[in-house]
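S.K.: Provided below: data-v2.cif, containing mmCIF, C-alpha atoms.
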data_coords
loop_
_atom_site.label_atom_id
_atom_site.label_comp_id
_atom_site.auth_asym_id
_atom_site.auth_seq_id
_atom_site.Cartn_x
_atom_site.Cartn_y
_atom_site.Cartn_z
CA MET A 1 127.02 91.65 103.30
CA PRO A 2 124.05 92.06 105.65
CA LYS A 3 124.48 89.44 108.37
CA SER A 4 121.12 89.74 110.07
CA PHE A 5 118.28 87.59 108.83
CA SER A 6 115.84 90.53 108.88
CA ALA A 7 118.03 92.70 106.61
CA ARG A 8 118.53 89.84 104.14
CA ALA A 9 114.79 89.23 104.01
CA ILE A 10 113.61 92.84 103.81
CA VAL A 11 116.18 94.40 101.40
CA PRO A 12 115.25 92.43 98.23
CA VAL A 13 111.51 92.70 98.91
CA ALA A 14 111.74 96.46 99.53
CA LEU A 15 113.93 97.01 96.45
CA ALA A 16 111.69 94.94 94.16
CA ILE A 17 108.41 96.52 95.29
CA THR A 18 109.77 100.08 95.40
CA GLY A 19 111.42 99.80 91.98
CA PHE A 20 108.43 98.25 90.25
CA VAL A 21 105.91 100.70 91.75
CA VAL A 22 108.15 103.66 90.80
CA VAL A 23 108.54 102.38 87.20
CA CYS A 24 104.76 101.89 86.87
CA CYS A 25 104.02 105.34 88.34
CA LEU A 26 106.54 107.07 86.03
CA LEU A 27 105.09 105.33 82.98
CA LEU A 28 101.53 106.05 84.10
CA TYR A 29 102.40 109.73 84.63
CA SER A 30 104.02 109.88 81.18
CA VAL A 31 100.97 108.29 79.51
CA MET A 32 98.54 110.58 81.36
CA LYS A 33 100.64 113.65 80.50
CA ARG A 34 100.63 112.68 76.83
CA ASP A 35 96.85 112.12 76.89
CA MET A 36 96.23 115.47 78.59
CA THR A 37 98.53 117.28 76.13
CA ARG A 38 96.69 115.62 73.26
CA ASP A 39 93.37 116.84 74.72
CA ALA A 40 94.80 120.37 75.09
CA VAL A 41 95.98 120.28 71.46
CA GLN A 42 92.55 119.07 70.37
CA HIS A 43 90.93 121.90 72.32
CA ALA A 44 93.31 124.49 70.82
CA THR A 45 92.76 123.08 67.30
CA ASN A 46 88.98 123.32 67.74
CA LEU A 47 89.39 126.89 68.96
CA ALA A 48 91.55 127.75 65.93
CA ASP A 49 88.99 126.17 63.58
CA THR A 50 86.22 128.14 65.31
CA ILE A 51 88.15 131.39 64.79
CA VAL A 52 88.79 130.58 61.11
CA LYS A 53 85.09 129.80 60.60
CA SER A 54 84.01 132.91 62.56
CA THR A 55 86.17 135.18 60.45
CA ARG A 56 85.40 133.48 57.11
CA TYR A 57 82.44 135.64 56.17
CA ALA A 58 84.20 138.87 57.11
CA MET A 59 87.25 137.77 55.07
CA LEU A 60 85.07 136.95 52.06
CA LYS A 61 83.56 140.42 52.33
CA SER A 62 87.05 141.84 52.86
CA ASP A 63 85.77 143.41 56.08
CA ARG A 64 89.11 144.00 57.76
CA GLU A 65 87.65 145.95 60.67
CA THR A 66 85.38 143.07 61.73
CA VAL A 67 88.20 140.52 61.40
CA GLY A 68 90.51 142.77 63.42
CA ASN A 69 87.84 143.17 66.12
CA ILE A 70 87.26 139.42 66.38
CA ILE A 71 91.00 138.78 66.69
CA ARG A 72 91.47 141.51 69.34
CA ASN A 73 88.50 140.25 71.40
CA ILE A 74 89.82 136.69 71.33
CA GLY A 75 93.29 137.95 72.28
CA ASP A 76 91.81 139.70 75.35
CA GLN A 77 90.52 136.39 76.72
CA GLN A 78 92.25 134.91 79.73
CA GLY A 79 94.69 132.17 78.76
CA VAL A 80 95.20 133.40 75.19
CA GLU A 81 98.84 134.46 74.86
CA HIS A 82 98.76 135.50 71.22
CA VAL A 83 96.51 135.33 68.19
CA ARG A 84 97.40 136.54 64.71
CA ILE A 85 96.64 135.94 61.07
CA PHE A 86 99.42 136.33 58.54
CA ASN A 87 99.32 136.04 54.77
CA LYS A 88 101.24 133.64 52.52
CA LYS A 89 104.29 135.89 52.54
CA GLY A 90 104.32 135.96 56.34
CA LEU A 91 103.07 139.52 56.77
CA VAL A 92 100.94 139.87 59.91
CA MET A 93 97.57 141.15 58.72
CA PHE A 94 95.61 140.86 61.98
CA SER A 95 96.87 140.50 65.53
CA ALA A 96 95.73 140.99 69.09
CA ALA A 97 99.07 142.77 69.70
CA SER A 98 98.99 145.99 67.66
CA ASP A 99 102.82 146.23 67.48
CA GLU A 100 102.92 143.02 65.38
CA LEU A 101 100.70 144.40 62.60
CA ASN A 102 102.33 144.78 59.18
CA HIS A 103 105.52 143.02 60.35
CA PHE A 104 106.85 139.82 58.84
CA VAL A 105 106.92 136.72 61.04
CA ASP A 106 110.27 134.99 61.36
CA LYS A 107 109.96 131.77 59.32
CA LYS A 108 112.95 130.35 61.17
CA ALA A 109 111.25 130.86 64.54
CA GLU A 110 110.03 127.90 66.58
CA GLY A 111 106.74 126.70 65.21
CA CYS A 112 107.41 128.00 61.70
CA ILE A 113 110.54 125.98 60.93
CA GLY A 114 108.57 122.73 61.05
CA CYS A 115 106.81 123.61 57.79
CA HIS A 116 109.44 125.94 56.34
CA SER A 117 112.55 123.79 56.73
CA GLY A 118 112.43 122.62 53.08
CA PRO A 119 112.46 124.61 49.86
CA GLU A 120 108.66 124.24 49.65
CA PRO A 121 106.59 124.78 52.80
CA ILE A 122 104.34 121.92 53.93
CA THR A 123 100.71 122.80 53.32
CA THR A 124 98.89 119.94 55.08
CA LEU A 125 99.59 118.86 58.65
CA GLY A 126 98.03 116.51 61.19
CA LYS A 127 96.56 117.92 64.39
CA MET A 128 99.55 117.02 66.59
CA ASP A 129 102.01 118.41 63.99
CA GLN A 130 100.22 121.74 64.00
CA ALA A 131 100.93 122.14 67.73
CA ARG A 132 104.14 123.49 69.20
CA GLN A 133 105.18 124.11 72.78
CA PHE A 134 107.62 126.83 73.76
CA LYS A 135 108.29 129.63 76.25
CA ASN A 136 107.30 133.06 74.99
CA GLU A 137 109.16 136.31 75.63
CA LYS A 138 107.24 136.72 78.92
CA GLY A 139 108.66 133.38 80.08
CA ARG A 140 105.27 131.63 79.97
CA LYS A 141 104.85 128.15 78.55
CA VAL A 142 102.66 128.34 75.46
CA LEU A 143 100.85 125.72 73.41
CA ALA A 144 100.46 127.23 69.94
CA ILE A 145 98.43 126.02 67.00
CA THR A 146 98.66 127.12 63.42
CA ALA A 147 95.61 126.65 61.26
CA PRO A 148 95.96 127.34 57.55
CA VAL A 149 93.30 129.43 55.86
CA TYR A 150 92.77 127.44 52.65
CA ASN A 151 91.75 128.90 49.33
CA GLU A 152 88.15 128.09 48.39
CA PRO A 153 86.16 128.66 45.19
CA ALA A 154 84.28 131.42 47.03
CA CYS A 155 87.60 133.17 47.62
CA TYR A 156 89.05 133.16 44.15
CA THR A 157 85.72 133.79 42.40
CA ALA A 158 84.78 136.77 44.53
CA PRO A 159 84.93 140.04 42.56
CA CYS A 160 86.82 141.93 45.29
CA HIS A 161 89.65 139.42 45.67
CA ILE A 162 92.93 138.94 43.91
CA HIS A 163 93.68 135.29 44.77
CA ASN A 164 94.00 132.85 41.92
CA ALA A 165 92.77 129.26 41.93
CA SER A 166 96.25 127.73 42.03
CA GLN A 167 97.03 129.29 45.41
CA LYS A 168 96.38 126.58 48.00
CA VAL A 169 96.89 128.51 51.26
CA LEU A 170 95.84 132.14 51.62
CA GLY A 171 97.18 132.71 55.09
CA THR A 172 97.66 131.17 58.51
CA LEU A 173 95.98 131.67 61.84
CA ASP A 174 98.38 131.35 64.75
CA ILE A 175 96.94 131.08 68.26
CA GLY A 176 98.94 130.50 71.44
CA LEU A 177 97.28 129.32 74.65
CA SER A 178 98.88 129.45 78.09
CA GLN A 179 99.96 126.04 79.36
CA GLU A 180 99.74 127.20 82.96
CA PRO A 181 96.45 125.36 83.75
CA LEU A 182 97.78 122.16 82.15
CA GLN A 183 101.07 122.44 84.04
CA LYS A 184 99.21 123.03 87.33
CA THR A 185 97.04 119.98 86.73
CA LEU A 186 100.11 117.88 85.89
CA ILE A 187 101.93 119.05 89.04
CA THR A 188 98.86 118.26 91.20
CA MET A 189 98.53 114.86 89.52
CA GLY A 190 102.25 114.17 90.06
CA GLU A 191 102.00 115.11 93.75
CA ARG A 192 98.94 112.91 94.26
CA MET A 193 100.66 109.99 92.52
CA THR A 194 103.77 110.49 94.69
CA VAL A 195 101.66 110.45 97.88
CA PHE A 196 99.75 107.41 96.64
CA THR A 197 103.01 105.60 95.75
CA LEU A 198 104.51 106.38 99.16
CA MET A 199 101.37 105.11 100.90
CA ILE A 200 101.41 101.88 98.84
CA LEU A 201 105.11 101.38 99.56
CA ALA A 202 104.71 102.09 103.29
CA LEU A 203 101.77 99.67 103.51
CA THR A 204 103.38 96.91 101.46
CA ILE A 205 106.87 97.03 102.93
CA GLY A 206 105.51 97.76 106.42
CA GLY A 207 103.04 94.88 106.09
CA VAL A 208 105.69 92.41 104.91
CA ALA A 209 108.09 93.59 107.64
CA ALA A 210 105.39 93.33 110.35
CA LEU A 211 104.37 89.84 109.25
CA LEU A 212 108.00 88.66 109.05
CA ARG A 213 108.73 90.15 112.45
CA ARG A 214 105.69 88.54 114.08
CA SER A 215 106.07 85.13 112.41
CA VAL A 216 109.84 84.77 112.07
CA PHE A 217 112.10 87.40 113.64
CA VAL A 218 110.61 87.52 117.16
CA PRO A 219 110.37 83.68 117.54
CA LEU A 220 113.93 83.45 116.14
CA ALA A 221 115.18 85.97 118.70
CA LEU A 222 113.47 83.97 121.48
CA LEU A 223 115.02 80.77 120.11
CA LYS A 224 118.42 82.47 119.99
CA SER A 225 118.20 83.58 123.61
CA TYR A 226 116.96 80.07 124.59
CA ALA A 227 119.98 78.50 122.84
CA ALA A 228 122.26 81.02 124.59
CA GLU A 229 120.76 80.05 127.97
CA LEU A 230 121.42 76.37 127.21
CA ARG A 231 124.96 77.17 126.11
CA HIS A 232 125.58 78.90 129.44
CA GLY A 233 124.44 75.80 131.28
CA ASN A 234 120.94 76.94 132.27
CA LEU A 235 119.37 73.66 131.25
CA GLU A 236 116.19 74.26 133.27
CA THR A 237 115.13 77.18 131.07
CA PRO A 238 111.73 76.42 129.44
CA PRO A 239 111.55 76.52 125.61
CA PRO A 240 110.07 79.67 124.05
CA PRO A 241 106.44 79.65 122.87
CA CYS A 242 107.01 79.13 119.10
CA GLU A 243 104.82 77.72 116.34
CA GLY A 244 105.49 75.49 113.31
CA GLU A 245 109.06 74.66 112.32
CA LEU A 246 110.54 76.87 115.03
CA LYS A 247 108.56 74.89 117.63
CA GLU A 248 110.23 71.72 116.34
CA VAL A 249 113.68 73.37 116.61
CA ALA A 250 112.88 74.49 120.18
CA GLY A 251 111.70 70.95 120.98
CA THR A 252 114.93 69.47 119.58
CA LEU A 253 117.03 71.90 121.61
CA GLN A 254 115.05 71.04 124.74
CA HIS A 255 115.50 67.33 124.06
CA MET A 256 119.26 67.79 123.54
CA SER A 257 119.53 69.77 126.77
CA LYS A 258 117.58 67.07 128.60
CA GLU A 259 119.90 64.35 127.31
CA LEU A 260 122.91 66.49 128.21
CA ARG A 261 121.54 66.95 131.74
CA GLU A 262 120.96 63.19 132.12
CA SER A 263 124.40 62.42 130.73
CA ARG A 264 125.96 64.83 133.20
CA SER A 265 124.03 63.36 136.12
CA ARG A 266 125.12 59.84 135.09
CA ARG A 267 128.74 60.95 135.01
CA GLU A 268 128.47 62.56 138.44
CA MET B 1 129.41 82.91 85.11
CA THR B 2 128.77 81.51 88.60
CA HIS B 3 127.10 78.53 86.98
CA ASN B 4 130.44 77.68 85.33
CA LEU B 5 132.08 77.87 88.74
CA GLU B 6 129.54 75.40 90.07
CA ASN B 7 130.41 72.96 87.27
CA HIS B 8 134.09 73.56 87.87
CA VAL B 9 133.76 72.65 91.55
CA GLU B 10 131.70 69.56 90.78
CA GLY B 11 134.47 68.50 88.40
CA ILE B 12 137.08 69.05 91.09
CA ALA B 13 135.09 67.01 93.62
CA SER B 14 134.98 63.97 91.35
CA LYS B 15 138.78 63.74 90.92
CA PRO B 16 141.16 62.39 93.58
CA ARG B 17 143.60 65.14 94.62
CA ASN B 18 146.35 65.76 97.09
CA PRO B 19 145.76 68.42 99.82
CA ASP B 20 148.04 71.00 98.18
CA GLN B 21 146.25 70.69 94.89
CA LEU B 22 142.89 70.92 96.66
CA ARG B 23 143.99 74.02 98.59
CA GLN B 24 145.08 75.69 95.35
CA GLU B 25 141.78 74.83 93.72
CA ILE B 26 139.80 76.25 96.62
CA LYS B 27 141.87 79.43 96.58
CA SER B 28 141.39 79.73 92.83
CA ARG B 29 137.65 79.27 93.27
CA ILE B 30 137.58 81.93 95.98
CA GLY B 31 139.37 84.31 93.60
CA LYS B 32 136.85 83.58 90.84
CA LEU B 33 133.95 84.11 93.24
CA GLN B 34 135.42 87.39 94.45
CA ALA B 35 135.68 88.57 90.84
CA ALA B 36 132.14 87.34 90.07
CA ALA B 37 130.75 89.18 93.12
CA ASN B 38 131.68 92.48 91.45
CA HIS B 39 130.00 91.69 88.12
CA GLY B 40 126.76 93.28 89.31
CA LEU B 41 128.55 96.53 90.13
CA TRP B 42 130.27 96.53 86.73
CA ALA B 43 126.90 96.04 85.03
CA LEU B 44 125.42 98.90 87.11
CA ALA B 45 128.34 101.16 86.14
CA LEU B 46 127.86 100.26 82.45
CA PHE B 47 124.15 100.97 82.70
CA ILE B 48 124.76 104.35 84.35
CA ALA B 49 127.23 105.23 81.56
CA ILE B 50 124.61 104.33 78.90
CA SER B 51 121.98 106.30 80.85
CA THR B 52 124.25 109.35 80.85
CA CYS B 53 124.35 109.18 77.04
CA ALA B 54 120.58 108.62 76.92
CA LEU B 55 119.96 111.64 79.18
CA GLY B 56 121.27 113.85 76.38
CA ASP B 57 119.14 111.87 73.85
CA PHE B 58 122.34 110.30 72.42
CA SER B 59 123.38 113.68 71.01
CA PHE B 60 127.05 112.57 71.26
CA PHE B 61 126.45 110.12 68.42
CA PRO B 62 125.77 111.05 64.80
CA SER B 63 122.18 110.44 63.73
CA LEU B 64 121.44 107.38 61.62
CA PRO B 65 121.20 107.91 57.85
CA ASP B 66 117.67 108.45 56.53
CA GLU B 67 117.90 105.31 54.38
CA PHE B 68 118.73 103.19 57.43
CA GLN B 69 115.88 104.75 59.43
CA ALA B 70 113.54 104.08 56.51
CA MET B 71 114.75 100.48 56.44
CA LEU B 72 113.99 100.12 60.17
CA GLY B 73 110.43 101.26 59.51
CA LYS B 74 107.97 103.02 61.75
CA PRO B 75 108.93 102.85 65.46
CA PRO B 76 106.48 101.14 67.84
CA SER B 77 104.02 103.32 69.72
CA PHE B 78 104.83 104.73 73.18
CA ASN B 79 102.15 102.60 74.79
CA MET B 80 103.60 99.44 73.23
CA ILE B 81 107.14 100.25 74.42
CA SER B 82 105.87 101.21 77.90
CA GLY B 83 103.84 97.99 78.10
CA ALA B 84 106.91 95.98 77.10
CA LEU B 85 108.97 97.81 79.75
CA VAL B 86 106.44 96.97 82.50
CA LEU B 87 106.32 93.34 81.34
CA TYR B 88 110.12 93.10 81.18
CA SER B 89 110.59 94.68 84.64
CA PHE B 90 107.99 92.39 86.18
CA SER B 91 109.38 89.18 84.66
CA ALA B 92 113.00 90.14 85.39
CA ILE B 93 112.17 90.86 89.07
CA ILE B 94 110.24 87.58 89.39
CA LEU B 95 113.11 85.65 87.76
CA ILE B 96 115.73 87.24 90.03
CA LEU B 97 113.63 86.67 93.16
CA SER B 98 113.03 83.03 92.21
CA ARG B 99 116.77 82.51 91.65
CA MET B 100 117.43 84.22 94.98
CA MET B 101 114.90 81.95 96.65
CA GLY B 102 116.43 78.82 95.07
CA GLY B 103 119.98 79.90 95.99
CA SER B 104 121.03 79.59 92.36
CA GLY B 105 124.20 81.16 91.04
CA GLU B 106 122.99 81.11 87.44
CA GLY B 107 122.58 84.20 85.30
CA SER B 108 124.54 87.30 84.47
CA PRO B 109 123.55 90.96 84.84
CA PHE B 110 125.03 92.02 81.46
CA PRO B 111 122.09 90.83 79.26
CA HIS B 112 119.84 93.10 81.35
CA VAL B 113 122.07 96.07 80.44
CA LEU B 114 121.54 95.15 76.78
CA TYR B 115 117.75 94.93 77.16
CA LEU B 116 117.60 98.27 78.97
CA ALA B 117 119.80 99.93 76.34
CA ALA B 118 117.34 98.57 73.74
CA PHE B 119 114.49 100.32 75.58
CA TYR B 120 116.45 103.59 75.47
CA GLY B 121 116.93 102.96 71.73
CA PHE B 122 113.24 102.30 71.10
CA TYR B 123 112.17 105.43 72.97
CA HIS B 124 114.87 107.42 71.14
CA PHE B 125 113.59 106.33 67.71
CA ALA B 126 109.97 106.90 68.79
CA LYS B 127 111.06 110.42 69.90
CA GLY B 128 109.82 109.86 73.44
CA LEU B 129 113.04 109.43 75.40
CA ASP B 130 112.70 112.78 77.21
CA GLU B 131 109.39 111.75 78.76
CA ASN B 132 110.29 108.14 79.53
CA PHE B 133 113.97 108.31 80.45
CA TRP B 134 113.35 108.11 84.22
CA ALA B 135 111.05 105.11 83.85
CA VAL B 136 113.77 103.11 82.03
CA PHE B 137 116.38 104.36 84.50
CA ALA B 138 114.26 103.31 87.51
CA ALA B 139 113.63 99.92 85.89
CA GLY B 140 117.37 99.48 85.28
CA ILE B 141 118.37 100.44 88.79
CA THR B 142 115.77 98.06 90.24
CA VAL B 143 116.59 95.06 88.05
CA LEU B 144 120.37 95.52 88.17
CA GLY B 145 120.31 96.42 91.88
CA LEU B 146 118.41 93.22 92.69
CA GLU B 147 120.62 91.13 90.37
CA SER B 148 123.78 92.62 91.89
CA TYR B 149 122.48 91.96 95.40
CA ARG B 150 121.63 88.35 94.46
CA ILE B 151 125.02 87.66 92.88
CA TRP B 152 126.85 89.41 95.70
CA THR B 153 125.07 87.46 98.46
CA TYR B 154 125.44 84.18 96.54
CA CYS B 155 129.17 84.71 95.96
CA ASN B 156 129.76 85.76 99.56
CA ASP B 157 127.94 82.68 100.84
CA GLU B 158 130.01 80.48 98.52
CA ILE B 159 133.23 82.24 99.56
CA ARG B 160 132.36 81.63 103.22
CA LYS B 161 131.77 77.92 102.48
CA GLU B 162 135.06 77.68 100.60
CA GLN B 163 136.90 79.40 103.43
CA GLU B 164 135.38 76.92 105.86
CA ARG B 165 136.57 74.08 103.61
CA LEU B 166 140.02 75.65 103.55
CA VAL B 167 140.11 75.89 107.34
CA GLU B 168 138.98 72.29 107.61
CA LEU B 169 141.69 71.23 105.14
CA GLU B 170 144.35 73.10 107.10
CA ARG B 171 143.12 71.55 110.35
CA LYS B 172 143.32 68.03 108.87
CA ARG B 173 146.73 68.81 107.42
CA ALA B 174 148.02 70.00 110.81
CA PHE B 175 146.57 66.89 112.47
CA TRP B 176 148.28 64.50 110.02
CA SER B 177 151.61 66.34 110.16
CA ASP B 178 151.50 66.17 114.00
CA ASP B 179 150.72 62.47 113.76
CA GLU B 180 153.63 61.86 111.35
CA SER B 181 156.08 63.81 113.56
CA ARG B 182 155.17 61.61 116.55
#
Any chance you could give the structure as structure tokens?

M.R.:
Amino acid sequence: MPKSFSARAIVPVALAITGFVVVCCLLLYSVMKRDMTRDAVQHATNLADTIVKSTRYAMLKSDRETVGNIIRNIGDQQGVEHVRIFNKKGLVMFSAASDELNHFVDKKAEGCIGCHSGPEPITTLGKMDQARQFKNEKGRKVLAITAPVYNEPACYTAPCHIHNASQKVLGTLDIGLSQEPLQKTLITMGERMTVFTLMILALTIGGVAALLRRSVFVPLALLKSYAAELRHGNLETPPPPCEGELKEVAGTLQHMSKELRESRSRRE
Amino acid sequence: MTHNLENHVEGIASKPRNPDQLRQEIKSRIGKLQAAANHGLWALALFIAISTCALGDFSFFPSLPDEFQAMLGKPPSFNMISGALVLYSFSAIILILSRMMGGSGEGSPFPHVLYLAAFYGFYHFAKGLDENFWAVFAAGITVLGLESYRIWTYCNDEIRKEQERLVELERKRAFWSDDESR
């Protein structure tokens, strides 16, 4: 057990403040991370919708060359890890990576299993459910979005097309964006919060310790040495300059020493 | 726990006893206080064991049946659980500090272990334990660390007082036996 008064006073205060500030910072970081991820998903979803809308006319006209060009150009953009459109059977029809073309996507792969776990694939998803986070084969963290290309009257009534009206989804656009900028921002935010937390802790605990030392510990140490002087018989020692309750204790000690001195002189 | 010991001692004080009986009672109380001083550490150990399970998202345990999960309903939102965790940590710290200030021996650390395990459970069902594990862990270490420190210092202070009583009793006993021998 800590014997010194200073340790007994500082330890609980330091533990309580440090613990509470750390809990608040961890929760704040978690909330901010979730908000930023939600924003990134929203951004990726908007991008996927933009691509679907941009390619709609070319798809209606069955202009595969234009669709392929749009997909390749988007895939060349910085931060875009992959972009592909595959049909209902999972055959990649358009992709920024030419080696993927005319290959089936693995329905058991991460990002596909979410909709294909049951006997019937899920055809409608919320924005957050459409997003998946994983590391690609290059070891980069990717935030991927799948946007279904829904069947429309214009699709199944067009003379050049073979889709029937009962088919709900014609294909799926899959776009993967690098999470590197998001991760960098999160790391920077985490570092800033750590520095801020350390500064708050240093100021709070340092402030409490300084105040306790000035108001309590130093006067107590003076009182202790005064009492030690009296115990050793140095009754002429003046009381230390204390304030408040400690001044009263010093006064009482001085009074006791005075009475002791008088008692001794009477005896002699 | 320690509150019961306080009542026990008050009960002892009200009854007339012989010195041997009193010495035995003081020794028994010291033993109880020594055992109570370690309760905080036991609670910390239990919490760390639960945290180890929570770190793996309770993968050791079989998942609850779908019917039971449906019966439980939709889990609360992350923000609601996080808000409750902040509120709990704050009130628990204030309560422990006020007990520490009042020199009270009331309270046990084990209910806190239960509350913290409930937070792990809520985050687990809301599928957010990965992100919030360290927040619950830090809250647990803070609350249980403070509670352990409070109980430990209280018990040690009480043990010191009891030992002083024991010394005083022995001194009186020696004085009376010397007096009788003369």

S.K.: At a cut-off of 10 Å, using all atoms listed in the file, what residues contact stretch 232-247 of chain A? Leave out same-chain residues fewer than 2 positions from it and give the result as a ChimeraX atom specification.

M.R.: /A:215-216,218-230,249-254,256-258,260-261

S.K.: Please find the residues of chain A near chain B - the criterion being any atom within 8 Å, counting only C-alpha atoms - and write them as a list in words.

M.R.: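 So the residues of chain A near chain B are Met1, Pro12, Leu15, Ala16, Gly19, Phe20, Val22, Val23, Cys24, Leu26, Leu27, Ser30 and Val31 of chain A.
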
S.K.: Give me, please, the distance in Å between atom CA of A:Gln167 and atom CA of A:Ser95, quoted to one decimal.

M.R.: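 It comes out at 23.0 Å.
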
S.K.: For the PyMOL selection byres ((chain B and resi 37) around 10), applied here, can you spell out every residue it catches as a PyMOL selection string?

M.R.: chain B and resi 2+31-36+38-42+148-156+159

S.K.: Tell me which residues the PyMOL selection byres ((chain A and resi 80-83) around 7) grabs here, as a list in words.

M.R.: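 With the shown file as input, the PyMOL selection byres ((chain A and resi 80-83) around 7) matches Ile71, Gly75, Gln77, Gln78, Gly79, Arg84, Ser95, Ala96, Asp174, Ile175, Gly176, Leu177 and Ser178 of chain A.
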
S.K.: Write out as a count of residues only the residues lying within 12 Å of B:Arg165, counting all atoms listed in the file and excluding same-chain residues fewer than 3 positions away.

M.R.: 19

S.K.: What does the distance between atom CA of A:Leu186 and atom CA of A:Met36 come to in Å, to one decimal place?

M.R.: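 Answer for the atom CA of A:Leu186 to atom CA of A:Met36 separation: 8.6 Å.
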
S.K.: Specify as a short mmCIF file (atom, residue, chain, number, x, y, z; two decimals) with C-alpha atoms, in the coordinates of the input each residue included when the PyMOL selection byres ((chain A and resi 103) around 12) is applied to this file.

M.R.:
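Here's the written file out-v5.cif:
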data_model
loop_
_atom_site.label_atom_id
_atom_site.label_comp_id
_atom_site.auth_asym_id
_atom_site.auth_seq_id
_atom_site.Cartn_x
_atom_site.Cartn_y
_atom_site.Cartn_z
CA ARG A 84 97.40 136.54 64.71
CA ILE A 85 96.64 135.94 61.07
CA PHE A 86 99.42 136.33 58.54
CA ASN A 87 99.32 136.04 54.77
CA LYS A 89 104.29 135.89 52.54
CA GLY A 90 104.32 135.96 56.34
CA LEU A 91 103.07 139.52 56.77
CA VAL A 92 100.94 139.87 59.91
CA MET A 93 97.57 141.15 58.72
CA PHE A 94 95.61 140.86 61.98
CA SER A 95 96.87 140.50 65.53
CA ALA A 97 99.07 142.77 69.70
CA SER A 98 98.99 145.99 67.66
CA ASP A 99 102.82 146.23 67.48
CA GLU A 100 102.92 143.02 65.38
CA LEU A 101 100.70 144.40 62.60
CA ASN A 102 102.33 144.78 59.18
CA PHE A 104 106.85 139.82 58.84
CA VAL A 105 106.92 136.72 61.04
CA ASP A 106 110.27 134.99 61.36
#

S.K.: Quick one: everything within 10 Å of A:Ala48, counting all atoms listed in the file, minus sequence neighbours fewer than 5 positions away in the same chain. Send it as a list of chain:residue names.

M.R.: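 Residues meeting the cut-off are A:Gln42, A:His43, A:Lys53, A:Ser54, A:Val83, A:Ala144, A:Ile145, A:Thr146, A:Ala147, A:Pro148, A:Leu173, A:Asp174, A:Ile175, A:Gly176.
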
S.K.: Would you mind reading off the distance between atom CA of B:Phe47 and atom CA of B:His124, one decimal, in Å?

M.R.: 16.2 Å

S.K.: Go ahead and find all residues with at least one atom no further than 12 Å from (97.0, 114.9, 88.4) in the file's coordinates, using only C-alpha atoms; report them as a list in words.

M.R.: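 The residues near that point, listed by chain and number, are Cys25, Leu28, Tyr29, Ser30, Val31, Met32, Lys33, Asp35, Met36, Pro181, Leu182, Gln183, Lys184, Thr185, Leu186, Ile187, Thr188, Met189, Gly190, Glu191, Arg192, Met193, Thr194, Val195 and Phe196 of chain A.
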
S.K.: Take the residues just selected and output them with C-alpha atoms as a PDB file, in the coordinates of the input.

M.R.:
ATOM      1  CA  CYS A  25     104.020 105.340  88.340  1.00  0.00           C
ATOM      2  CA  LEU A  28     101.530 106.050  84.100  1.00  0.00           C
ATOM      3  CA  TYR A  29     102.400 109.730  84.630  1.00  0.00           C
ATOM      4  CA  SER A  30     104.020 109.880  81.180  1.00  0.00           C
ATOM      5  CA  VAL A  31     100.970 108.290  79.510  1.00  0.00           C
ATOM      6  CA  MET A  32      98.540 110.580  81.360  1.00  0.00           C
ATOM      7  CA  LYS A  33     100.640 113.650  80.500  1.00  0.00           C
ATOM      8  CA  ASP A  35      96.850 112.120  76.890  1.00  0.00           C
ATOM      9  CA  MET A  36      96.230 115.470  78.590  1.00  0.00           C
ATOM     10  CA  PRO A 181      96.450 125.360  83.750  1.00  0.00           C
ATOM     11  CA  LEU A 182      97.780 122.160  82.150  1.00  0.00           C
ATOM     12  CA  GLN A 183     101.070 122.440  84.040  1.00  0.00           C
ATOM     13  CA  LYS A 184      99.210 123.030  87.330  1.00  0.00           C
ATOM     14  CA  THR A 185      97.040 119.980  86.730  1.00  0.00           C
ATOM     15  CA  LEU A 186     100.110 117.880  85.890  1.00  0.00           C
ATOM     16  CA  ILE A 187     101.930 119.050  89.040  1.00  0.00           C
ATOM     17  CA  THR A 188      98.860 118.260  91.200  1.00  0.00           C
ATOM     18  CA  MET A 189      98.530 114.860  89.520  1.00  0.00           C
ATOM     19  CA  GLY A 190     102.250 114.170  90.060  1.00  0.00           C
ATOM     20  CA  GLU A 191     102.000 115.110  93.750  1.00  0.00           C
ATOM     21  CA  ARG A 192      98.940 112.910  94.260  1.00  0.00           C
ATOM     22  CA  MET A 193     100.660 109.990  92.520  1.00  0.00           C
ATOM     23  CA  THR A 194     103.770 110.490  94.690  1.00  0.00           C
ATOM     24  CA  VAL A 195     101.660 110.450  97.880  1.00  0.00           C
ATOM     25  CA  PHE A 196      99.750 107.410  96.640  1.00  0.00           C
TER      26      PHE A 196
END

S.K.: Nearest to B:Phe125: which of B:Asp66, B:Asp20, B:Lys74, B:Ala43 is it, counting only C-alpha atoms?

M.R.: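 Among the listed residues, the smallest separation from B:Phe125 belongs to B:Lys74.
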
S.K.: Which one of A:Leu47, A:Val52, A:Ile74, A:Ile10 sits closest to A:Gly171 if you count only C-alpha atoms?

M.R.: A:Val52

S.K.: Around all the atoms of stretch 163-169 of chain B listed in the file, draw an axis-aligned box and extend it by 6 Å on each of the six sides; I want its centre and edge lengths in Å to one decimal, as AutoDock Vina command-line options.

M.R.:
--center_x 138.5 --center_y 75.3 --center_z 105.5 --size_x 18.3 --size_y 20.2 --size_z 16.2
